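For reference, run21.txt (compact mmCIF, C-alpha atoms):
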```
# COMPACT_ATOMS: atom_id res chain seq x y z
CA MET A 818 63.87 -136.78 53.56
CA TYR A 819 64.00 -140.08 51.79
CA PRO A 820 61.96 -143.04 53.01
CA ASP A 821 63.50 -146.29 51.82
CA GLU A 822 62.42 -149.83 51.23
CA VAL A 823 62.81 -150.52 54.99
CA PRO A 824 59.33 -149.93 56.52
CA MET A 825 59.35 -147.28 59.20
CA ASP A 826 57.36 -149.46 61.62
CA GLU A 827 60.20 -152.01 61.70
CA ALA A 828 63.46 -151.70 63.63
CA VAL A 829 65.93 -149.40 61.90
CA SER A 830 69.66 -149.23 62.59
CA TYR A 831 71.21 -145.84 63.16
CA VAL A 832 74.70 -144.61 63.86
CA SER A 833 75.82 -141.15 64.90
CA ALA A 834 77.92 -139.07 62.55
CA ASP A 835 80.95 -139.78 64.74
CA GLN A 836 80.40 -143.55 64.34
CA LEU A 837 80.58 -143.56 60.55
CA LYS A 838 83.16 -145.99 59.21
CA VAL A 839 84.40 -147.25 55.86
CA GLY A 840 82.29 -150.27 54.91
CA LEU A 841 78.96 -149.08 56.29
CA PHE A 842 76.03 -148.86 53.86
CA VAL A 843 74.52 -145.47 54.64
CA PHE A 844 71.38 -143.56 53.65
CA VAL A 845 71.53 -139.80 53.14
CA ASP A 846 68.03 -138.64 54.10
CA LEU A 847 68.25 -135.27 52.42
CA PRO A 848 66.99 -133.87 49.08
CA TRP A 849 69.39 -134.37 46.15
CA PHE A 850 70.42 -130.72 46.10
CA ARG A 851 71.43 -130.78 49.78
CA HIS A 852 74.28 -133.27 49.40
CA PRO A 853 77.18 -133.77 46.94
CA PHE A 854 76.77 -137.51 46.34
CA ALA A 855 75.54 -139.03 43.10
CA PHE A 856 73.13 -141.28 45.06
CA ASP A 857 71.33 -140.99 48.38
CA ARG A 858 72.44 -144.50 49.49
CA PHE A 859 75.82 -146.11 49.10
CA LYS A 860 78.58 -148.05 50.83
CA ILE A 861 81.20 -145.77 52.37
CA LYS A 862 84.53 -146.41 50.65
CA THR A 863 86.82 -143.55 51.70
CA ASP A 864 87.58 -141.31 54.66
CA SER A 865 86.83 -138.30 52.46
CA GLN A 866 83.24 -139.53 52.07
CA ILE A 867 82.97 -139.74 55.86
CA THR A 868 84.19 -136.15 56.12
CA GLN A 869 81.60 -135.03 53.57
CA LEU A 870 78.82 -136.88 55.41
CA ARG A 871 79.75 -135.25 58.71
CA GLU A 872 79.82 -131.83 57.08
CA LEU A 873 76.14 -132.23 56.18
CA GLY A 874 75.20 -131.52 59.81
CA VAL A 875 73.02 -134.65 60.14
CA PRO A 876 73.35 -136.07 63.71
CA ARG A 877 72.47 -139.68 62.85
CA PHE A 878 72.41 -141.78 59.71
CA ARG A 879 70.33 -144.81 58.79
CA ILE A 880 72.38 -147.94 58.11
CA ASP A 881 71.61 -151.19 56.29
CA PRO A 882 73.52 -153.93 58.15
CA ALA A 883 72.85 -156.49 55.42
CA ARG A 884 74.74 -154.40 52.86
CA SER A 885 77.53 -153.29 55.20
CA ASP A 886 80.98 -154.88 55.34
CA LEU A 887 81.29 -154.74 59.13
CA PRO A 888 78.98 -155.50 62.04
CA VAL A 889 76.58 -152.82 63.18
CA ALA A 890 75.22 -152.36 66.68
CA GLU A 891 71.85 -153.92 67.47
CA PRO A 892 68.98 -152.06 65.81
CA THR A 893 67.45 -149.35 67.94
CA GLU A 894 64.10 -147.69 67.73
CA PRO A 895 64.40 -144.29 66.08
CA THR A 896 63.98 -141.23 68.24
CA GLU A 897 61.30 -138.66 67.53
CA SER A 898 63.87 -136.43 65.82
CA ASP A 899 64.98 -139.35 63.64
CA VAL A 900 61.41 -140.02 62.57
CA ALA A 901 60.90 -136.33 61.86
CA THR A 902 63.98 -136.38 59.63
CA ALA A 903 63.11 -139.61 57.84
CA VAL A 904 59.41 -138.99 57.18
CA VAL A 905 58.45 -136.87 54.21
CA SER A 906 56.54 -133.83 55.37
CA GLU A 907 54.56 -133.63 52.16
CA PRO A 908 50.78 -134.02 51.83
CA GLU A 909 49.56 -137.56 51.31
CA PRO A 910 50.07 -139.58 49.24
CA PRO A 911 53.86 -139.37 49.73
CA VAL A 912 56.01 -138.94 46.65
CA ASP A 913 58.49 -141.72 45.90
CA PRO A 914 61.76 -139.82 46.37
CA ASP A 915 63.73 -142.30 44.27
CA ALA A 916 61.41 -141.81 41.32
CA SER A 917 61.45 -138.04 41.84
CA ALA A 918 65.25 -137.92 42.00
CA ARG A 919 65.54 -140.08 38.90
CA ALA A 920 63.07 -137.87 37.05
CA GLN A 921 65.00 -134.75 38.02
CA ARG A 922 68.26 -136.33 36.91
CA ARG A 923 66.74 -137.42 33.60
CA ALA A 924 65.35 -133.92 32.99
CA ARG A 925 68.69 -132.27 33.72
CA ASN A 926 70.57 -134.72 31.54
CA ALA A 927 68.06 -134.33 28.71
CA ALA A 928 68.46 -130.56 28.82
CA ARG A 929 72.24 -130.92 28.89
CA ARG A 930 72.26 -133.38 25.98
CA ALA A 931 70.03 -131.10 23.91
CA ARG A 932 72.33 -128.18 24.59
CA ILE A 933 75.48 -130.16 23.76
CA ALA A 934 73.80 -131.51 20.61
CA ARG A 935 73.36 -127.93 19.42
CA VAL A 936 77.02 -127.20 20.10
CA GLU A 937 78.14 -130.38 18.35
CA GLY A 938 75.97 -129.57 15.35
CA ALA A 939 77.55 -126.13 15.07
CA PHE A 940 81.00 -127.68 15.45
CA SER A 941 80.41 -130.20 12.66
CA ARG A 942 79.00 -127.62 10.28
CA ALA A 943 81.82 -125.17 10.92
CA GLY A 944 84.49 -127.86 10.54
CA GLN A 945 83.06 -129.05 7.25
CA THR A 946 82.91 -125.49 5.94
CA VAL A 947 86.49 -124.72 6.99
CA ARG A 948 87.95 -127.86 5.44
CA GLU A 949 86.09 -127.37 2.17
CA ALA A 950 87.00 -123.68 1.94
CA ASN A 951 90.68 -124.30 2.65
CA ARG A 952 90.80 -126.93 -0.09
CA ASN A 953 89.39 -124.45 -2.61
CA LEU A 954 91.15 -121.22 -1.62
CA ILE A 955 93.20 -121.11 -4.82
CA ALA A 956 90.62 -122.49 -7.24
CA ARG A 957 87.67 -120.48 -5.88
CA PRO A 958 89.13 -117.77 -3.63
CA THR A 959 86.13 -115.41 -3.55
CA GLU A 960 83.65 -118.13 -2.66
CA SER A 961 86.01 -119.79 -0.15
CA LEU A 962 86.90 -116.57 1.65
CA ALA A 963 83.23 -115.64 1.90
CA ALA A 964 82.53 -118.98 3.59
CA LEU A 965 85.44 -118.59 6.01
CA ASN A 966 84.49 -115.02 6.85
CA GLN A 967 80.96 -116.12 7.61
CA VAL A 968 82.21 -118.77 10.07
CA VAL A 969 84.55 -116.27 11.71
CA GLY A 970 81.93 -113.55 11.83
CA GLU A 971 79.41 -115.77 13.58
CA MET A 972 81.96 -117.04 16.12
CA ALA A 973 83.39 -113.60 16.84
CA ALA A 974 79.97 -112.00 17.26
CA SER A 975 78.85 -114.74 19.65
CA MET A 976 82.00 -114.67 21.75
CA LEU A 977 82.33 -110.90 22.02
CA SER A 978 78.68 -110.27 22.83
CA ALA A 979 78.24 -113.03 25.40
CA PRO A 980 78.90 -112.28 29.08
CA GLU A 981 80.24 -115.82 29.52
CA VAL A 982 81.52 -118.56 27.22
CA THR A 983 81.73 -122.28 27.92
CA LEU A 984 84.42 -124.28 26.11
CA HIS A 985 83.52 -127.91 25.35
CA ALA A 986 85.59 -130.92 24.40
CA MET A 987 83.66 -132.60 21.62
CA ALA A 988 82.39 -136.13 22.10
CA ASP A 989 84.23 -138.97 20.36
CA ARG A 990 81.40 -139.54 17.89
CA ILE A 991 81.65 -135.87 16.83
CA GLY A 992 85.31 -134.96 17.21
CA GLY A 993 87.09 -138.05 15.97
CA THR A 994 89.89 -138.16 13.45
CA ASP A 995 87.50 -137.66 10.51
CA THR A 996 86.05 -134.42 11.85
CA TYR A 997 88.95 -133.00 13.85
CA CYS A 998 90.04 -129.72 12.32
CA HIS A 999 93.28 -128.09 13.46
CA GLU A 1000 92.35 -124.78 11.85
CA LEU A 1001 88.99 -124.65 13.61
CA ASN A 1002 90.54 -125.59 16.95
CA THR A 1003 93.08 -122.80 16.52
CA ALA A 1004 90.40 -120.27 15.62
CA VAL A 1005 88.12 -121.17 18.53
CA LEU A 1006 90.88 -120.85 21.11
CA SER A 1007 92.30 -117.69 19.52
CA LEU A 1008 88.91 -115.98 19.57
CA MET A 1009 88.40 -117.01 23.19
CA LEU A 1010 91.61 -115.16 24.04
CA ALA A 1011 90.52 -112.17 21.95
CA ARG A 1012 87.65 -111.61 24.40
CA HIS A 1013 90.20 -110.51 27.01
CA LEU A 1014 93.03 -109.02 24.94
CA GLU A 1015 91.27 -105.68 24.33
CA LEU A 1016 91.95 -105.90 20.60
CA PRO A 1017 90.39 -103.28 18.32
CA GLU A 1018 87.05 -104.70 17.21
CA ALA A 1019 88.09 -104.63 13.54
CA LEU A 1020 91.04 -106.93 14.27
CA VAL A 1021 89.04 -109.72 15.89
CA PRO A 1022 87.68 -111.13 12.59
CA MET A 1023 91.22 -110.83 11.18
CA LEU A 1024 92.50 -112.96 14.05
CA GLY A 1025 89.84 -115.61 13.40
CA LEU A 1026 90.45 -115.66 9.65
CA GLY A 1027 94.21 -115.82 10.13
CA ALA A 1028 93.80 -118.79 12.47
CA LEU A 1029 91.68 -120.58 9.86
CA VAL A 1030 94.20 -120.08 7.04
CA HIS A 1031 97.52 -119.99 8.89
CA ASP A 1032 98.65 -123.29 7.35
CA ILE A 1033 97.62 -122.71 3.71
CA GLY A 1034 101.27 -122.94 2.71
CA LEU A 1035 101.36 -126.62 3.65
CA ALA A 1036 99.57 -127.32 0.36
CA GLU A 1037 102.95 -126.69 -1.28
CA ILE A 1038 104.72 -129.28 0.88
CA PRO A 1039 104.60 -132.98 -0.10
CA ASP A 1040 102.12 -135.05 1.91
CA LYS A 1041 104.86 -137.53 2.80
CA VAL A 1042 106.42 -134.73 4.86
CA VAL A 1043 103.26 -133.04 6.15
CA LYS A 1044 101.62 -136.26 7.28
CA LYS A 1045 104.73 -138.15 8.35
CA ARG A 1046 104.25 -139.77 11.76
CA GLU A 1047 107.90 -140.44 12.49
CA PRO A 1048 110.25 -137.59 13.44
CA LEU A 1049 111.28 -135.52 10.42
CA THR A 1050 114.81 -135.62 9.11
CA HIS A 1051 116.73 -132.33 9.10
CA ALA A 1052 116.06 -131.89 5.37
CA GLU A 1053 112.36 -132.62 5.82
CA ALA A 1054 112.11 -130.22 8.74
CA GLU A 1055 113.75 -127.45 6.71
CA LEU A 1056 111.39 -128.14 3.81
CA ARG A 1057 108.36 -127.99 6.10
CA LYS A 1058 109.45 -124.63 7.49
CA LEU A 1059 108.98 -123.14 4.02
CA HIS A 1060 105.19 -123.38 4.42
CA CYS A 1061 105.14 -119.97 6.13
CA GLU A 1062 106.70 -118.24 3.11
CA TYR A 1063 104.61 -120.28 0.67
CA GLY A 1064 101.51 -119.34 2.64
CA VAL A 1065 102.24 -115.61 2.47
CA LYS A 1066 102.72 -115.90 -1.30
CA ARG A 1067 99.37 -117.68 -1.63
CA GLY A 1068 97.75 -115.13 0.62
CA HIS A 1069 98.91 -112.28 -1.60
CA GLN A 1070 97.52 -114.10 -4.64
CA ILE A 1071 94.03 -114.31 -3.18
CA GLY A 1072 94.07 -110.82 -1.65
CA LEU A 1073 94.25 -111.50 2.07
CA PRO A 1074 94.62 -108.37 4.24
CA PRO A 1075 97.97 -107.54 5.91
CA PRO A 1076 97.06 -108.72 9.47
CA VAL A 1077 96.10 -112.13 8.09
CA LEU A 1078 99.30 -112.30 6.04
CA ALA A 1079 101.25 -111.49 9.21
CA ILE A 1080 99.64 -114.45 11.00
CA ILE A 1081 100.47 -116.79 8.10
CA GLY A 1082 104.07 -115.64 7.95
CA GLN A 1083 104.78 -115.42 11.69
CA HIS A 1084 102.78 -118.17 13.40
CA HIS A 1085 106.01 -120.08 14.07
CA GLU A 1086 108.00 -117.08 15.31
CA CYS A 1087 108.86 -117.04 19.03
CA TRP A 1088 108.98 -114.25 21.59
CA ASP A 1089 112.62 -115.12 22.39
CA GLY A 1090 113.68 -115.10 18.71
CA SER A 1091 114.09 -118.89 18.45
CA GLY A 1092 111.35 -119.40 15.85
CA TYR A 1093 111.18 -119.26 12.06
CA PRO A 1094 111.23 -118.25 9.22
CA LYS A 1095 113.04 -115.00 10.18
CA GLY A 1096 113.81 -115.36 13.87
CA ALA A 1097 111.65 -112.35 14.73
CA SER A 1098 111.23 -111.62 18.43
CA ALA A 1099 109.06 -109.68 20.87
CA ASP A 1100 107.46 -106.58 19.35
CA ARG A 1101 108.68 -107.50 15.86
CA ILE A 1102 106.00 -110.21 15.87
CA HIS A 1103 102.50 -108.98 14.95
CA PRO A 1104 100.16 -109.02 18.00
CA LEU A 1105 97.73 -111.35 16.23
CA ALA A 1106 100.50 -113.74 15.21
CA ARG A 1107 101.58 -113.99 18.87
CA VAL A 1108 98.15 -115.36 19.75
CA VAL A 1109 97.97 -117.87 16.90
CA ALA A 1110 101.57 -119.01 17.52
CA LEU A 1111 100.71 -120.01 21.10
CA VAL A 1112 97.40 -121.68 20.30
CA ASN A 1113 98.92 -123.46 17.31
CA GLU A 1114 101.67 -124.91 19.54
CA TYR A 1115 99.16 -126.06 22.16
CA ASP A 1116 96.99 -127.82 19.60
CA ASN A 1117 100.01 -129.45 17.92
CA LEU A 1118 101.06 -130.91 21.27
CA CYS A 1119 97.57 -132.33 21.83
CA ASN A 1120 97.07 -133.47 18.24
CA PRO A 1121 100.33 -134.45 16.49
CA PRO A 1122 100.23 -136.49 13.26
CA ASP A 1123 101.10 -139.60 15.27
CA VAL A 1124 98.36 -139.94 17.91
CA MET A 1125 100.63 -142.24 19.93
CA ARG A 1126 102.81 -139.21 20.64
CA ALA A 1127 99.88 -137.03 21.68
CA LEU A 1128 100.02 -135.33 25.06
CA THR A 1129 96.96 -134.83 27.22
CA PRO A 1130 95.57 -131.27 27.40
CA TYR A 1131 96.89 -131.03 30.96
CA GLU A 1132 100.39 -132.13 29.89
CA SER A 1133 100.39 -129.81 26.88
CA LEU A 1134 99.47 -126.76 28.93
CA SER A 1135 102.01 -127.70 31.61
CA ILE A 1136 104.82 -127.98 29.05
CA LEU A 1137 103.98 -124.59 27.56
CA PHE A 1138 103.97 -122.93 30.96
CA THR A 1139 106.96 -124.65 32.57
CA GLN A 1140 109.31 -125.46 29.68
CA ARG A 1141 108.46 -123.17 26.77
CA ARG A 1142 107.17 -120.01 28.38
CA ASN A 1143 110.02 -117.89 26.95
CA ARG A 1144 108.78 -118.64 23.45
CA PHE A 1145 105.49 -116.79 23.92
CA GLU A 1146 104.27 -113.41 25.08
CA GLY A 1147 103.76 -113.72 28.82
CA ARG A 1148 100.33 -112.13 29.09
CA VAL A 1149 98.95 -114.26 26.24
CA LEU A 1150 100.25 -117.46 27.83
CA GLN A 1151 98.84 -116.50 31.23
CA LEU A 1152 95.51 -115.75 29.61
CA LEU A 1153 95.44 -119.14 27.88
CA VAL A 1154 96.04 -120.87 31.21
CA ARG A 1155 93.25 -118.87 32.84
CA GLN A 1156 90.80 -119.59 30.05
CA LEU A 1157 91.53 -123.32 29.76
CA GLY A 1158 91.96 -123.79 33.48
CA VAL A 1159 94.63 -125.97 35.03
CA TYR A 1160 92.71 -128.99 33.70
CA PRO A 1161 91.55 -128.19 30.14
CA PRO A 1162 88.56 -129.94 28.55
CA GLY A 1163 89.48 -133.48 27.55
CA THR A 1164 91.65 -134.05 30.65
CA LEU A 1165 91.12 -137.30 32.59
CA VAL A 1166 91.06 -136.70 36.33
CA ALA A 1167 90.82 -138.31 39.74
CA LEU A 1168 88.58 -136.37 42.13
CA SER A 1169 89.17 -135.76 45.82
CA ASP A 1170 86.34 -138.18 46.68
CA ASP A 1171 88.18 -140.94 44.74
CA ARG A 1172 85.86 -140.90 41.73
CA LEU A 1173 87.28 -140.83 38.19
CA GLY A 1174 86.08 -138.64 35.39
CA MET A 1175 86.87 -136.50 32.35
CA VAL A 1176 86.75 -132.72 32.12
CA VAL A 1177 84.22 -131.93 29.40
CA SER A 1178 83.71 -128.18 29.75
CA VAL A 1179 85.24 -125.04 31.23
CA ASN A 1180 83.31 -121.84 31.82
CA SER A 1181 85.06 -118.48 31.62
CA ARG A 1182 83.42 -117.46 34.91
CA ALA A 1183 85.13 -120.28 36.86
CA PRO A 1184 87.93 -121.80 34.74
CA LEU A 1185 89.47 -123.59 37.74
CA ARG A 1186 86.19 -125.36 38.55
CA PRO A 1187 85.31 -127.26 35.33
CA GLY A 1188 82.49 -129.62 34.46
CA VAL A 1189 83.50 -133.27 34.90
CA MET A 1190 81.74 -136.32 33.48
CA VAL A 1191 81.93 -138.85 36.31
CA TYR A 1192 82.44 -142.58 35.88
CA GLN A 1193 79.20 -144.14 37.18
CA PRO A 1194 79.02 -147.80 36.14
CA GLU A 1195 75.50 -148.13 37.54
CA LEU A 1196 74.26 -145.62 34.94
CA PRO A 1197 74.40 -145.71 31.13
CA ARG A 1198 77.04 -143.34 29.78
CA ASP A 1199 74.40 -141.09 28.23
CA GLU A 1200 72.83 -140.65 31.67
CA SER A 1201 76.06 -140.02 33.55
CA SER A 1202 76.23 -136.90 35.66
CA ILE A 1203 78.25 -133.84 34.73
CA LEU A 1204 79.62 -132.69 38.05
CA ASN A 1205 79.91 -128.90 37.98
CA LEU A 1206 82.76 -128.27 40.41
CA ALA A 1207 81.81 -124.60 40.57
CA GLN A 1208 78.70 -125.75 42.42
CA VAL A 1209 80.36 -128.29 44.74
CA PRO A 1210 83.39 -126.52 46.26
CA GLN A 1211 83.98 -129.38 48.70
CA ILE A 1212 85.11 -131.61 45.80
CA ASN A 1213 88.37 -130.90 43.99
CA ILE A 1214 90.46 -132.44 41.23
CA ALA A 1215 93.18 -134.43 42.96
CA LYS A 1216 95.31 -135.14 39.90
CA ALA A 1217 95.31 -135.53 36.13
CA LEU A 1218 95.56 -138.97 34.56
CA ARG A 1219 96.69 -140.44 31.26
CA PRO A 1220 94.37 -142.78 29.34
CA ALA A 1221 96.71 -145.69 30.11
CA ASP A 1222 96.20 -145.06 33.85
CA LEU A 1223 92.52 -145.98 33.63
CA PRO A 1224 91.10 -149.46 34.17
CA ARG A 1225 89.65 -150.83 30.94
CA GLU A 1226 86.02 -150.45 32.05
CA VAL A 1227 86.58 -146.82 33.07
CA HIS A 1228 88.41 -146.05 29.82
CA ASP A 1229 85.58 -147.53 27.77
CA TYR A 1230 82.98 -145.59 29.75
CA LEU A 1231 84.65 -142.19 29.59
CA SER A 1232 85.87 -142.76 26.00
CA PRO A 1233 88.80 -140.33 25.97
CA ARG A 1234 89.31 -139.16 22.42
CA THR A 1235 92.37 -139.67 20.26
CA ARG A 1236 91.99 -136.11 18.96
CA VAL A 1237 91.04 -133.17 21.19
CA ALA A 1238 88.56 -130.89 19.45
CA TYR A 1239 87.01 -127.78 21.02
CA PHE A 1240 83.96 -125.68 20.40
CA PHE A 1241 82.03 -123.20 22.49
CA ASP A 1242 78.62 -121.99 23.48
CA THR A 1243 77.43 -118.87 25.26
CA GLU A 1244 75.37 -120.49 28.00
CA VAL A 1245 76.48 -121.17 31.55
CA ASP A 1246 76.97 -124.83 32.40
CA ILE A 1247 73.84 -126.54 33.67
CA GLU A 1248 73.96 -126.93 37.44
CA VAL A 1249 73.86 -130.66 38.11
CA ASP A 1250 75.09 -130.68 41.71
CA GLN A 1251 73.74 -127.59 43.42
CA PRO A 1252 74.67 -126.71 46.99
CA ALA A 1253 71.94 -126.09 49.52
CA SER A 1254 72.89 -122.44 49.99
CA GLU A 1255 72.18 -121.69 46.31
CA ALA A 1256 69.12 -123.87 46.15
CA ALA A 1257 67.58 -121.86 48.95
CA ALA A 1258 68.52 -118.51 47.45
```

Using the file provided, produce a representation of the structure as structure tokens.
Amino acid sequence: MYPDEVPMDEAVSYVSADQLKVGLFVFVDLPWFRHPFAFDRFKIKTDSQITQLRELGVPRFRIDPARSDLPVAEPTEPTESDVATAVVSEPEPPVDPDASARAQRRARNAARRARIARVEGAFSRAGQTVREANRNLIARPTESLAALNQVVGEMAASMLSAPEVTLHAMADRIGGTDTYCHELNTAVLSLMLARHLELPEALVPMLGLGALVHDIGLAEIPDKVVKKREPLTHAEAELRKLHCEYGVKRGHQIGLPPPVLAIIGQHHECWDGSGYPKGASADRIHPLARVVALVNEYDNLCNPPDVMRALTPYESLSILFTQRRNRFEGRVLQLLVRQLGVYPPGTLVALSDDRLGMVVSVNSRAPLRPGVMVYQPELPRDESSILNLAQVPQINIAKALRPADLPREVHDYLSPRTRVAYFFDTEVDIEVDQPASEAAA
């Protein structure tokens, strides 16, 4: 029900749904929540858009010949049903639908930005606390452990008490190389899995704390080895492996509980016995260490010391599932895939309607239907839509992309990050594209 700049008392061109073609500039005379398109007027570019238009059940569509790429039949006078569809049935004076749609979009985006700002603030504060506490574990163990336990306690309480959890990929300005925190990433993902592992409640904080301190032994390894970007030599690799034993020794010194010590000592052990330091396998690996071992491997694939060797979240999860699945407990790996979805947050994607975007959030209720920030060059990045695929089932992710696959302007707009950092909140994703059936409910 959108009147346009073409006066209704002038000739208007119409085509039937069956006459839609690529190149026609079409108007979708329906409220924003009744169609899946970002705008209610656009030039048809793909056959999939034609299919979506026909599925709306509208018999005829208004066309602008001047903005179309192919000739349109001579303008015809609209029928009574056309006029009834095109005229707003609201009391006078009529509301400008463009202004109303823009206002609704701005309100939704403002609410989303406020919500994400809260998540980002929590992420930054937690990351700063974790880094500072890990640096001071030996010098000030009591104070540092208290700070880490507070972070873990707040995260665990929020995750376990919430009916749903949304996992976010942090924006570049928040989650860049200066604020990325491997320990916090590992803890967030480990606690997300704990929601579904039926762990005893007392062990959940132990899992979170173990994830935050699993690498404390690296402080004993020279920085030239820990931070080396090139592949390690055999001697360097063997030296680095000692961080598990060094970490257990440090953990004993500061009084860490046995489950946390088990995580520190076994987070590089593998289900098939191919890990280190002792080659433990299967049930000989502590249940909490099995979780951290998997999450630690995933984050290391996404965020290696040399960012040029980083894999996308999609590639990292695929490698774990297809090439390294024997290294991890099967149910934990399957759970990670379910929680992250096939396309984890931070993944660049091409949609089935030919639009490009980046997965920015996954909700535990619908992990296979994530939230995607869509490339919309006609809008500022801060006003871009987050397409909630859970609310638009007719649109799917066609494939995952690498940053190098994107045109420069798309890459700059979506700003894929060099480091993938995750945090969570306990609210359901805001519905940006809502289907008519739910809007009417």

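Remark: for Pro1022 of chain A, the closest of the candidate residues A:Glu937, A:Glu971, A:Asp1222, A:Asp1040 is A:Glu971 (distances computed over only C-alpha atoms).
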
Dump as a Markdown table the rows for residues of segment 1168-1256 of chain A within 9 Å of segment 856-880 of chain A: closest atom pair and distance in Å with one decimal, all atoms listed in the file counted, ordered by chain and rising residue number.
```
| residue | atom | partner | partner_atom | distance |
| --- | --- | --- | --- | --- |
| A:Ser1169 | CA | A:Ser865 | CA | 7.5 |
| A:Asp1170 | CA | A:Ser865 | CA | 5.8 |
| A:Asp1171 | CA | A:Thr863 | CA | 7.6 |
| A:Gln1211 | CA | A:Gln869 | CA | 7.8 |
```

Any idea what's packed within 12 Å of Arg1057 of chain A, counting all atoms listed in the file, ignoring anything in its chain fewer than 6 positions away? Could you give it as a compact mmCIF listing (two decimals) with C-alpha atoms, in the coordinates of the input?
```
# COMPACT_ATOMS: atom_id res chain seq x y z
CA ASP A 1032 98.65 -123.29 7.35
CA GLY A 1034 101.27 -122.94 2.71
CA LEU A 1035 101.36 -126.62 3.65
CA ALA A 1036 99.57 -127.32 0.36
CA GLU A 1037 102.95 -126.69 -1.28
CA ILE A 1038 104.72 -129.28 0.88
CA PRO A 1039 104.60 -132.98 -0.10
CA ASP A 1040 102.12 -135.05 1.91
CA LYS A 1041 104.86 -137.53 2.80
CA VAL A 1042 106.42 -134.73 4.86
CA VAL A 1043 103.26 -133.04 6.15
CA LYS A 1044 101.62 -136.26 7.28
CA LYS A 1045 104.73 -138.15 8.35
CA LEU A 1049 111.28 -135.52 10.42
CA THR A 1050 114.81 -135.62 9.11
CA HIS A 1051 116.73 -132.33 9.10
CA TYR A 1063 104.61 -120.28 0.67
CA GLY A 1064 101.51 -119.34 2.64
CA HIS A 1085 106.01 -120.08 14.07
CA TYR A 1093 111.18 -119.26 12.06
CA PRO A 1094 111.23 -118.25 9.22
```

Query raised in the report: Could you pull the residues within 9 Å of Asp1123 of chain A, counting all atoms listed in the file, minus those fewer than 3 positions along the same chain, as number ranges by chain?
Result: A: 1044-1047, 1120, 1126-1127

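The nearest approach to Gln1070 of chain A among the residues A:Ala1183, A:Leu1231, A:Leu1218, A:Leu954, with all atoms listed in the file taken into account, belongs to A:Leu954.
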
**Report entry** Contacts of segment 1002-1017 of chain A at 6 Å (all atoms listed in the file; same-chain gap of 4+ positions) as an MDAnalysis selection string
**Finding:** chainID A and resid 977 1025 1028:1029 1112:1113 1239

Query raised in the report: Out of A:Glu1146, A:Asp1116, A:Glu1053, A:Asp1199, which residue has the shortest atom-to-atom distance to Arg1236 of chain A when counting only C-alpha atoms?
Result: A:Asp1116

Report task. Mind checking which residues fall within 12 Å of Arg1182 of chain A, counting all atoms listed in the file, ignoring those fewer than 5 positions away in the same chain, and posting them as an MDAnalysis selection string? Result -> chainID A and resid 979:984 1155:1158 1187 1207 1243:1246

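Across the structure, atom CA of Arg1186 of chain A and atom CA of Leu1206 of chain A are spaced 4.9 Å apart.
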
Query raised in the report: So what do you get for atom CA of Arg942 of chain A versus atom CA of Leu1153 of chain A, distance-wise?
Result: 25.5 Å

Report task. Please provide the set of residues having any atom within 10 Å of Gly1072 of chain A, restricted to only C-alpha atoms, with same-chain residues fewer than 4 positions apart removed, written as JSON, numbers by chain. Result -> {"A": [958, 959, 962, 1067, 1068, 1078]}
